[in-house]
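K.L.:
The structure under discussion is supplied below as structure tokens; questions concerning it will follow.
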Amino acid sequence: MLNFLGYLFLSLLILLFLLIIILIIFVKFSPLFGGKVSKEQKEKYIKSPNFQHGKFVNLQDQYTIHKSADFIDDSIKPKELRNPDFDIPYIKLNKDDFITSGEPTRITWFGHSTILLQTEGKNILADPMFSKDLSPVRWYSRPRYSKGLPLNIDELPEIDAVLITHDHYDHLDYPTIKQIKNKVKKFYTPLGVSAHLIRWGISADRIEELDWYEDARLGKLTLTLTPSHHYSGRSLSDRFETLWGGWIIKGSKDNIYLSGDGGYGPHFKKIGERYGPFDFAMIECGQYCSYWIQNHLFPEQTAQVALDVRARLIMPIHWGAFTIAMHGWADPVERLKKKVKETDVILTTPMIGEQILLDGGSPPDTEWWRKAEEKK
């Protein structure tokens, strides 16, 4: 009996060892996990104050667990509330909906953090994620809420610039990049993210990497990478090897802010003082949890960020498409609406595919996330 148990234990150890080896090989050679930052790149990054001891760092100390009962009560809901129990609506679009010559700045939300911004004659796509499932592996599915998207990838207009905030799967999607790369003129990324794009067949001369507070020019527009309090990594051993951040898109008419992912901190006020006020801001609101309080904004903090950066009109992003955290799927927008009422900030809540025009008119504010019987 003892010999049998010994053989069984040894067999399980060997099986576990083989599974680990297979996992390591899969991560190393599968392209969906991206590329590795080279030694030459790291030698350049040493000049950055945000790169220390071979890794990128946040502006404030990084910790994970927060034990406040308030946050636990507000962020953990039963599983049945974490996904919509009805087909969420979206607006179907076609190529004609993206002809904007001579028109005001136009914003189209595709759910989560994917936005098409059309301004100053340029088409700018931020954090493109068009896949049906968030997970990089099929056995751990996190499907998209909506059964479709406003348009197919091949219907997108020619893209002048893709802005990437960081290299997580829900912001830098390998299948999407492979499908759109031939219609994109240039990619703008935080430091290090080019390693992934180059592995996926994009030439280095089509990529421009920026450090926090660095600028790039795109026609009449100035693109600025701003700090956020977050982290990076796509595989088993590359955490903090690439930078993360938000973006400012400033033109002759509109000043626009995209927060990227990250917890609350004093950097927002500094961004507002240095670059605000903003005509429009797309601010993270969703995927929060007591166990990663520093990595994502709670809805009440989203409202505070709007005040810090001095934004006139805001749109919540990082919600409405996938379940990543343990809160109710529509809690982010409900809590944000309640908090924003205490301020002078204007909130817009477009359906997926519903376009916003920065022309001074009334922005979309329907409560589309509520079922018909809940609206009565």
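For the structure tokens, the naming scheme is as follows: chains receive sequential letters (A, B, ...) according to their order of presentation, residues are indexed from 1 within each chain, and ligands are indexed from 1 in presentation order.
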When you look at Asn182 (chain A) with a cut-off of 12 Å (counting only C-alpha atoms), what residues show up, excluding the ones that are within fewer than 2 positions of it in the same chain? I need them as a list in words.

P.N.:
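The residues that qualify are Ile153, Asp154, Leu156, Pro157, Glu158, Ile159, Asp160, Ala161, Val162, Thr176, Ile177, Lys178, Gln179, Ile180, Val184, Lys185, Lys186, Phe187, Trp200, Gly201, Ile202, Ser203 and Arg206 of chain A.
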
K.L.:
Let's see if you can do this: from backbone DSSP, list all strand (DSSP E or B) residues in region 284-346 of chain A, as a PyMOL selection string.

P.N.:
chain A and resi 284+311+313-317+319+346

K.L.:
Would you pick out the contacts of region 335-342 of chain A at 7 Å or less, using only C-alpha atoms, so that residues sharing its chain but fewer than 5 positions from it are not included, and give the list as a ChimeraX atom specification?

P.N.:
/A:299-300,303

K.L.:
Next, the residues of the selection above should be written as an mmCIF file, in the first residue's frame with C-alpha atoms.

P.N.:
```cif
data_model
loop_
_atom_site.group_PDB
_atom_site.id
_atom_site.type_symbol
_atom_site.label_atom_id
_atom_site.label_comp_id
_atom_site.auth_asym_id
_atom_site.auth_seq_id
_atom_site.Cartn_x
_atom_site.Cartn_y
_atom_site.Cartn_z
ATOM 1 C CA PRO A 299 -16.543 55.249 -9.261
ATOM 2 C CA GLU A 300 -16.414 57.912 -6.569
ATOM 3 C CA ALA A 303 -15.715 61.712 -10.140
#
```

K.L.:
Just asking: which residues within region 64-134 of chain A are helix (DSSP H, G or I) according to DSSP, as a list in words?

P.N.:
Ala69, Asp70, Phe71, Ile72, Asp73, Asp74, Ser75, Lys79, Glu80, Leu81, Lys95, Asp96, Asp97 and Phe98 of chain A

K.L.:
With only C-alpha atoms as the basis for distance, which of A:Ala216, A:Leu236, A:Ile352, A:Ala330 is at the shortest distance from Asp85 (chain A)?

P.N.:
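Going through A:Ala216, A:Leu236, A:Ile352, A:Ala330 one by one, the smallest distance to Asp85 (chain A) is for A:Ala330.
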
K.L.:
Rank nothing, just name the residue among A:Ser194, A:Ser113, A:Thr343, A:Thr323 nearest to Gly246 (chain A), using only C-alpha atoms.

P.N.:
A:Ser113

K.L.:
Quick check, in Å to one decimal: how far apart do CA of Leu347 (chain A) and CA of Asp365 (chain A) lie?

P.N.:
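Interatomic distance here is 7.4 Å.
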
K.L.:
So which residues touch Ala306 (chain A) within 9 Å, counting only C-alpha atoms, skipping near sequence neighbours fewer than 5 positions away, as number ranges by chain?

P.N.:
A: 268, 281, 283, 301, 311-314, 345

K.L.:
Would you mind telling me which residue in A:Gly192, A:Pro227, A:Asp308, A:Leu243 lies nearest to Glu40 (chain A) when using only C-alpha atoms?

P.N.:
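Of all the options, A:Gly192 lies closest to Glu40 (chain A).
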
K.L.:
Nearest to Glu334 (chain A): which of A:Glu120, A:Glu273, A:Glu354, A:Glu367 is it, counting only C-alpha atoms?

P.N.:
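Between A:Glu120, A:Glu273, A:Glu354, A:Glu367, the residue approaching Glu334 (chain A) most closely is A:Glu367.
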
K.L.:
When you look at Thr348 (chain A) with a cut-off of 6 Å (counting only C-alpha atoms), what residues show up, excluding the ones that are within fewer than 6 positions of it in the same chain? I need them as a count of residues only.

P.N.:
4

K.L.:
Skip Asp261 (chain A) itself and residues of its chain fewer than 3 positions away, then list as a PyMOL selection string all residues within 10 Å of it, counting only C-alpha atoms.

P.N.:
chain A and resi 113+165-166+168+171+227-231+244-246+258+264+283-287+295-297+317-318

K.L.:
Okay, now the selection with C-alpha atoms, as a PDB file, in the first residue's frame?

P.N.:
```pdb
ATOM      1  CA  SER A 113     -11.571  51.142 -23.085  1.00  0.00           C
ATOM      2  CA  THR A 165      -2.054  52.850 -22.549  1.00  0.00           C
ATOM      3  CA  HIS A 166      -0.364  49.618 -21.389  1.00  0.00           C
ATOM      4  CA  HIS A 168      -2.559  44.125 -20.558  1.00  0.00           C
ATOM      5  CA  HIS A 171      -5.962  47.071 -23.786  1.00  0.00           C
ATOM      6  CA  PRO A 227       1.429  59.059 -15.513  1.00  0.00           C
ATOM      7  CA  SER A 228      -0.949  56.548 -13.985  1.00  0.00           C
ATOM      8  CA  HIS A 229      -0.592  54.302 -10.934  1.00  0.00           C
ATOM      9  CA  HIS A 230      -0.689  50.823 -12.412  1.00  0.00           C
ATOM     10  CA  TYR A 231       1.557  47.985 -13.630  1.00  0.00           C
ATOM     11  CA  TRP A 244       1.889  52.338 -18.531  1.00  0.00           C
ATOM     12  CA  GLY A 245       0.011  55.636 -18.584  1.00  0.00           C
ATOM     13  CA  GLY A 246      -2.756  57.835 -19.964  1.00  0.00           C
ATOM     14  CA  LEU A 258      -7.695  59.566 -21.572  1.00  0.00           C
ATOM     15  CA  TYR A 264      -6.107  57.316  -7.444  1.00  0.00           C
ATOM     16  CA  ILE A 283     -11.857  58.194 -17.206  1.00  0.00           C
ATOM     17  CA  GLU A 284     -11.513  54.638 -15.943  1.00  0.00           C
ATOM     18  CA  CYS A 285     -14.572  53.494 -13.997  1.00  0.00           C
ATOM     19  CA  GLY A 286     -14.857  49.769 -13.464  1.00  0.00           C
ATOM     20  CA  GLN A 287     -12.993  46.575 -12.585  1.00  0.00           C
ATOM     21  CA  ASN A 295      -4.675  49.522  -9.600  1.00  0.00           C
ATOM     22  CA  HIS A 296      -8.140  50.758 -10.623  1.00  0.00           C
ATOM     23  CA  LEU A 297     -10.441  53.653  -9.774  1.00  0.00           C
ATOM     24  CA  ILE A 317     -14.673  53.713 -19.624  1.00  0.00           C
ATOM     25  CA  HIS A 318     -13.263  50.316 -18.593  1.00  0.00           C
TER      26      HIS A 318
END
```

K.L.:
Go through A:Pro150, A:Pro128, A:Gly111, A:Gly219 one by one, measure the shortest atom-to-atom distance of each to Trp319 (chain A) using only C-alpha atoms, and give the residue with the smallest value.

P.N.:
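Answer, going by the shortest atom-to-atom distance: A:Gly111.
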
K.L.:
Interatomic distance between CA of Asp173 (chain A) and CA of Thr189 (chain A)?

P.N.:
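Separating CA of Asp173 (chain A) from CA of Thr189 (chain A) is a distance of 13.7 Å.
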
K.L.:
Within 9 Å of region 88-91 of chain A, counting only C-alpha atoms, which residues qualify if same-chain residues fewer than 6 places away don't, as a PDB file with C-alpha atoms, in the first residue's frame?

P.N.:
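Output (result07.pdb):
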```pdb
ATOM      1  CA  PHE A 110     -16.741  50.286 -28.557  1.00  0.00           C
ATOM      2  CA  TYR A 145     -21.347  41.192 -23.052  1.00  0.00           C
ATOM      3  CA  SER A 146     -22.661  42.411 -26.402  1.00  0.00           C
ATOM      4  CA  LYS A 147     -23.332  39.852 -29.124  1.00  0.00           C
ATOM      5  CA  GLY A 148     -21.771  42.130 -31.698  1.00  0.00           C
ATOM      6  CA  LEU A 149     -19.889  45.380 -32.210  1.00  0.00           C
ATOM      7  CA  PRO A 150     -20.865  48.575 -34.023  1.00  0.00           C
ATOM      8  CA  LEU A 151     -18.887  47.473 -37.068  1.00  0.00           C
ATOM      9  CA  GLY A 320     -19.744  47.696 -20.083  1.00  0.00           C
ATOM     10  CA  MET A 351     -24.430  53.174 -25.749  1.00  0.00           C
ATOM     11  CA  ILE A 352     -21.738  51.157 -27.436  1.00  0.00           C
ATOM     12  CA  GLY A 353     -21.531  52.681 -30.915  1.00  0.00           C
ATOM     13  CA  GLU A 354     -23.397  55.851 -29.981  1.00  0.00           C
ATOM     14  CA  TRP A 368     -29.264  51.916 -21.575  1.00  0.00           C
ATOM     15  CA  TRP A 369     -27.794  49.478 -19.038  1.00  0.00           C
ATOM     16  CA  ARG A 370     -31.181  49.169 -17.347  1.00  0.00           C
ATOM     17  CA  LYS A 371     -33.716  46.702 -18.678  1.00  0.00           C
TER      18      LYS A 371
END
```

K.L.:
Closest to Arg217 (chain A) among A:Phe56, A:Tyr188, A:Tyr275, A:Trp329, using only C-alpha atoms?

P.N.:
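Closest residue, counting only C-alpha atoms: A:Tyr188.
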